[in-house]
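S.K.: Sharing a structure with you now.
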Amino acid sequence: MSNVNTTFLSTALHQPIEKGSSLWHDAWLRLRKNRLAVFGLVALGIIALACFIGPFLSPYGYEDQNLELGAAAPDAKHWLGTDTLGRDLLVRLLYGGRVSIAVGLSATFVALTIGVVYGAVAGFFGGKRDAFMMRTVDIMYSLPFPIFVILLMVFFGRNIILLFVAIGAVEWLTMARIVRGQVMAIKKMEFIEAARSLGFGRRRIIFRHILPNILGPIIVYTTLTIPAVMLLEAFLSFLGLGVQPPMSSWGVLIKDGAEKMEEFWWLLVFPGTVFSLTLFSLNFLGDGLRDALDVRSSKD
Amino acid sequence: MFRFITTRFLQSLFALFLVISATFFMVRFVPGGPFTAEKAVTPEILRNLEAHYGLDKPLYRQYLDYLGSLLHADLGPSFKYPNRTVNEIIADKVPVSAELGGISLGIALVIGISLGTLAAVKRNTWIDYVASSFGMIGISIPTFVVGPLLVLVFAIYLGWFNASGWYMPADRVLPAVVLGIAYAAPISRLTRGGMLEVLHQDFIRTARAKGASEFRVVTRHALRGGLLPVVSYLGPAVAGILTGSFVIETIFQIPGIGREFVNSAFNRDYTLVLGTVILYAVLIMGLNLVVDVVQAWLNPKVRLEA
């Protein structure tokens with residue numbers, strides 16, 4: 001008997017150990033196969049890096065004017081040309097990118113925090129509280145929110161902090177819905193019951209046991225929220241309600257470009273291209289992540 | 001079904017009430033009033049103006065008065081356009097926006113549904129890749145980039161159209177195309193997804209087995225189910241085609257309600273701001289209600305959940 005056991009053990013031990021493959025590793029392999037998603041990831045990396053480092057390397061500052069030069073077409077000195085005040089467009093584009101990316105990330109963070117906490121609480125407690133919370137979300141969905149953001153920005157000054165909050169407050173609804181649905185599914189599982197029987201508090205169960213298990217959908221949806229937020233910021237800036245001079249963002253540059261495009265096409269074409277490329281990459285990456293993490297797409 | 005519609009309707013009414021109240025008090029707590037811009041208004045004139053528009057009454061009184069006149073569908077006088085009521089201004093501007101929105105919606109539906117269906121039927125061929133890329137590009141490039149670029153090429157360089165304005169029939173082309181493409185992109189993606197799901201199902205195989213032509217299978221059998229996701233998208237989309245036209249109306253200088261709204265906010269024209277907000281809210285909620293009902297009618301599961 002013991003002999004059999006030893007042979008069994010030794011064969012088992014001498015088998016080549018199969019390398020474990022985690023969910024995240026699998027997802028990464030799947031993502032790498034998706035050429036468009038990889039393109040998006042690489043393009044985003046390059047754009048972000050350029051925006052971050054570029055302005056340090058350029059001989060021009062984003063506010064440096066050269067009124068004698070005025071608006072000049074792209075040449076060897078100014079790769080993307082200059083605007084009507086003789087400011088180097090490349091530097092302004094990279095600098096504006098920092099602002100756009102910063103707004104995109106911070107407003108997404110606001111939306112993410114509100115949405116995850118709200119959705120998790122609603123989904124975890126269920127019952128009347130859930131019904132009330134989700135009805136509220138339903139009602140808020142039906143409000144004309146872009147209009148409220150426009151009113152807020154018109155009335156309360158074009159304050160950049162307010163911009164984050166206003167955009168974040170608009171974009172959290174879908175995240176709340178997604179998180180709630182996921183939490184409702186997870187909370188019925190046995191390991192949650194186990195955690196409960198060990199006497200863990202609700203907060204610990206929600207944040208330590210449930211949320212890590214729904215990171216996939218959260219990551220996917222966050223990736224898709226960033227372009228939506230950047231679009232909203234640019235939309236507001238285009239209407240003259242977003243980021244204010246002397247600060248600059250891609251939306252502001254596109255607005256300026258659209259005003260002057262008749263004579264100076266480069267002022268519109270380059271900011272428009274870079275901005276679209278960024279949104280394009282983010283959307284492809286988000287789609288790729290959704291496939292890679294096998295997230296059932298929600299209604300939206 | 002009746003209960004479902006009533007519940008949704010009451011919910012929408014409540015939401016509408018919230019929107020009206022929130023907007024009413026928000027515009028009042030803002031620094032600056034509708035008459036601050038006019039230079040050298042003497043205190044007496046200001047008082048007279050305020051008395052004329054009822055702004056001297058206590059706030060709660062103004063609020064109740066406003067709600068009262070709303071019940072008669074009266075949105076009050078405009079503060080900035082003397083002798084004009086908000087109703088008149090809206091009646092003046094809405095047809096323009098509606099015309100633009102209607103043409104754009106037509107373009108969006110035709111392009112979106114046909115591309116999405118083609119992509120699903122020819123899945124993983126170059127047709128699919130081209131159609132899907134169109135969807136992604138359309139989603140990613142904002143209207144305020146596409147709009148000016150098309151103006152640059154077709155109006156300024158080629159001279160086919162006017163760069164802005166809303167006078168001749170040809171003036172409709174560029175704005176409607178820009179707005180239409182922006183909505184064609186998500187519609188094509190939704191159609192593709194919906195069609196792919198439907199085309200797998202047994203009843204499609206049955207239809208094929210009965211010898212129905214591929215064209216008939218797609219248009220008669222699959223499209224009905226495949227368009228369900230598009231139906232639910234249409235509520236917000238139709239509303240968005242009107243709200244999204246803030247940008248289009250600004251770019252092309254179209255005298256529609258979107259541009260009027262942005263201007264009225266800048267001008268602190270309280271009643272006009274409120275009037276347009278209410279108009280948009282009614283529109284969005286009404287459309288959402290219609291979509292809810294249509295969905296409940298098409299899909300009993302939704303009905304039970306409510």
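Identifiers for the structure tokens are assigned positionally: chains receive A, B, ... in sequence, residues are indexed from 1 per chain, and ligands are indexed from 1 in the order shown.
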Could you write out as a list in words the residues of chain A within 7 Å of chain B, counting only C-alpha atoms?

M.R.: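 Taken together, these residues fit the definition: Ile139, Ser142, Leu143, Pro144, Leu151, Val154, Phe155, Ala258, Glu262, Gly272, Ser276, Leu279 and Phe280 of chain A.
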
S.K.: Per DSSP on the backbone, what are the alpha helix (DSSP H) residues of region 19-108 of chain B, as a ChimeraX atom specification?

M.R.: /B:19-28,43-52,59-71,86-108

S.K.: Which residue is closest to Phe25 (chain B)? Choose from B:Phe4, B:Phe161, B:Phe79, B:Tyr270 and count only C-alpha atoms.

M.R.: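 Between B:Phe4, B:Phe161, B:Phe79, B:Tyr270, the residue approaching Phe25 (chain B) most closely is B:Tyr270.
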
S.K.: Work out how far CA of Asn283 (chain A) is from CA of Gly257 (chain A), in Å to one decimal.

M.R.: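 One can read the CA of Gly257 (chain A) to CA of Asn283 (chain A) distance as 24.5 Å.
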
S.K.: At what distance in Å, to one decimal, does CA of Leu49 (chain A) lie from CA of Tyr62 (chain A)?

M.R.: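 Rounded to one decimal, the two atoms are 17.2 Å apart.
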
S.K.: Pick out the closest residue to Leu224 (chain A) from this set: A:Pro146, A:Gly288, A:Gly123, A:Gly115. Count only C-alpha atoms.

M.R.: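 Comparing A:Pro146, A:Gly288, A:Gly123, A:Gly115 against Leu224 (chain A), the winner is A:Gly288.
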
S.K.: CA of Trp126 (chain B) and CA of Arg224 (chain B) are how many Å apart?

M.R.: 25.3 Å

S.K.: Val243 (chain A): which residues within 10 Å, counting only C-alpha atoms, same-chain residues fewer than 6 positions away excluded, as a short mmCIF file (atom, residue, chain, number, x, y, z; two decimals) with N, CA, C and O atoms, in the first residue's frame?

M.R.:
```cif
data_model
loop_
_atom_site.label_atom_id
_atom_site.label_comp_id
_atom_site.auth_asym_id
_atom_site.auth_seq_id
_atom_site.Cartn_x
_atom_site.Cartn_y
_atom_site.Cartn_z
N GLY A 96 -0.76 71.37 -23.92
CA GLY A 96 -2.22 71.21 -23.85
C GLY A 96 -2.59 69.75 -23.59
O GLY A 96 -3.57 69.46 -22.91
N VAL A 99 -2.67 68.99 -19.94
CA VAL A 99 -3.91 69.44 -19.30
C VAL A 99 -5.06 68.50 -19.64
O VAL A 99 -5.81 68.06 -18.76
N SER A 100 -5.19 68.16 -20.94
CA SER A 100 -6.30 67.29 -21.35
C SER A 100 -6.20 65.94 -20.66
O SER A 100 -7.20 65.40 -20.18
N VAL A 103 -7.04 66.36 -16.96
CA VAL A 103 -8.49 66.49 -16.75
C VAL A 103 -9.15 65.13 -16.95
O VAL A 103 -9.99 64.69 -16.14
N ARG A 158 -15.07 79.62 -14.89
CA ARG A 158 -14.48 78.49 -15.60
C ARG A 158 -13.34 77.96 -14.75
O ARG A 158 -12.19 78.09 -15.08
N ASN A 159 -13.73 77.39 -13.63
CA ASN A 159 -12.76 76.93 -12.64
C ASN A 159 -12.41 75.49 -12.95
O ASN A 159 -13.29 74.66 -13.16
N ILE A 160 -11.11 75.16 -12.99
CA ILE A 160 -10.73 73.84 -13.48
C ILE A 160 -11.11 72.74 -12.49
O ILE A 160 -11.45 71.63 -12.89
N LEU A 163 -14.55 71.95 -13.06
CA LEU A 163 -14.64 71.18 -14.30
C LEU A 163 -14.52 69.68 -14.01
O LEU A 163 -15.31 68.88 -14.48
N GLU A 233 -14.62 67.44 -21.93
CA GLU A 233 -13.77 68.60 -21.62
C GLU A 233 -13.51 69.41 -22.87
O GLU A 233 -13.62 70.64 -22.88
N ALA A 234 -13.18 68.71 -23.96
CA ALA A 234 -12.86 69.41 -25.21
C ALA A 234 -14.11 70.11 -25.74
O ALA A 234 -14.03 71.23 -26.25
N LEU A 236 -16.57 71.32 -23.95
CA LEU A 236 -16.76 72.55 -23.17
C LEU A 236 -15.75 73.61 -23.56
O LEU A 236 -16.09 74.78 -23.72
N SER A 237 -14.49 73.18 -23.74
CA SER A 237 -13.47 74.15 -24.13
C SER A 237 -13.79 74.73 -25.49
O SER A 237 -13.54 75.90 -25.75
N SER A 249 -5.57 73.50 -23.66
CA SER A 249 -5.86 72.07 -23.71
C SER A 249 -6.15 71.76 -25.18
O SER A 249 -6.23 72.66 -26.00
N TRP A 250 -6.32 70.50 -25.49
CA TRP A 250 -6.56 70.16 -26.89
C TRP A 250 -7.85 70.79 -27.37
O TRP A 250 -7.94 71.22 -28.51
N GLY A 251 -8.85 70.85 -26.49
CA GLY A 251 -10.11 71.46 -26.89
C GLY A 251 -9.91 72.93 -27.24
O GLY A 251 -10.43 73.43 -28.23
N VAL A 252 -9.12 73.64 -26.40
CA VAL A 252 -8.87 75.06 -26.65
C VAL A 252 -8.12 75.24 -27.98
O VAL A 252 -8.46 76.11 -28.78
#
```

S.K.: For Cys51 (chain A), find every residue with an atom within 10 Å (counting only C-alpha atoms), except residues of its own chain fewer than 3 positions away, and show them as a PyMOL selection string.

M.R.: chain A and resi 45-48+54-56+90-99+101

S.K.: Near Leu105 (chain B), counting only C-alpha atoms, which residues have an atom at most 8 Å away, once you skip same-chain residues fewer than 5 positions from it, shown as a compact mmCIF listing (two decimals) with C-alpha atoms, in the first residue's frame?

M.R.:
```
# COMPACT_ATOMS: atom_id res chain seq x y z
CA GLY B 180 -25.31 62.20 -39.13
CA TYR B 183 -24.53 59.02 -34.83
CA VAL B 238 -32.52 61.53 -30.83
CA ILE B 241 -28.85 64.86 -31.91
```
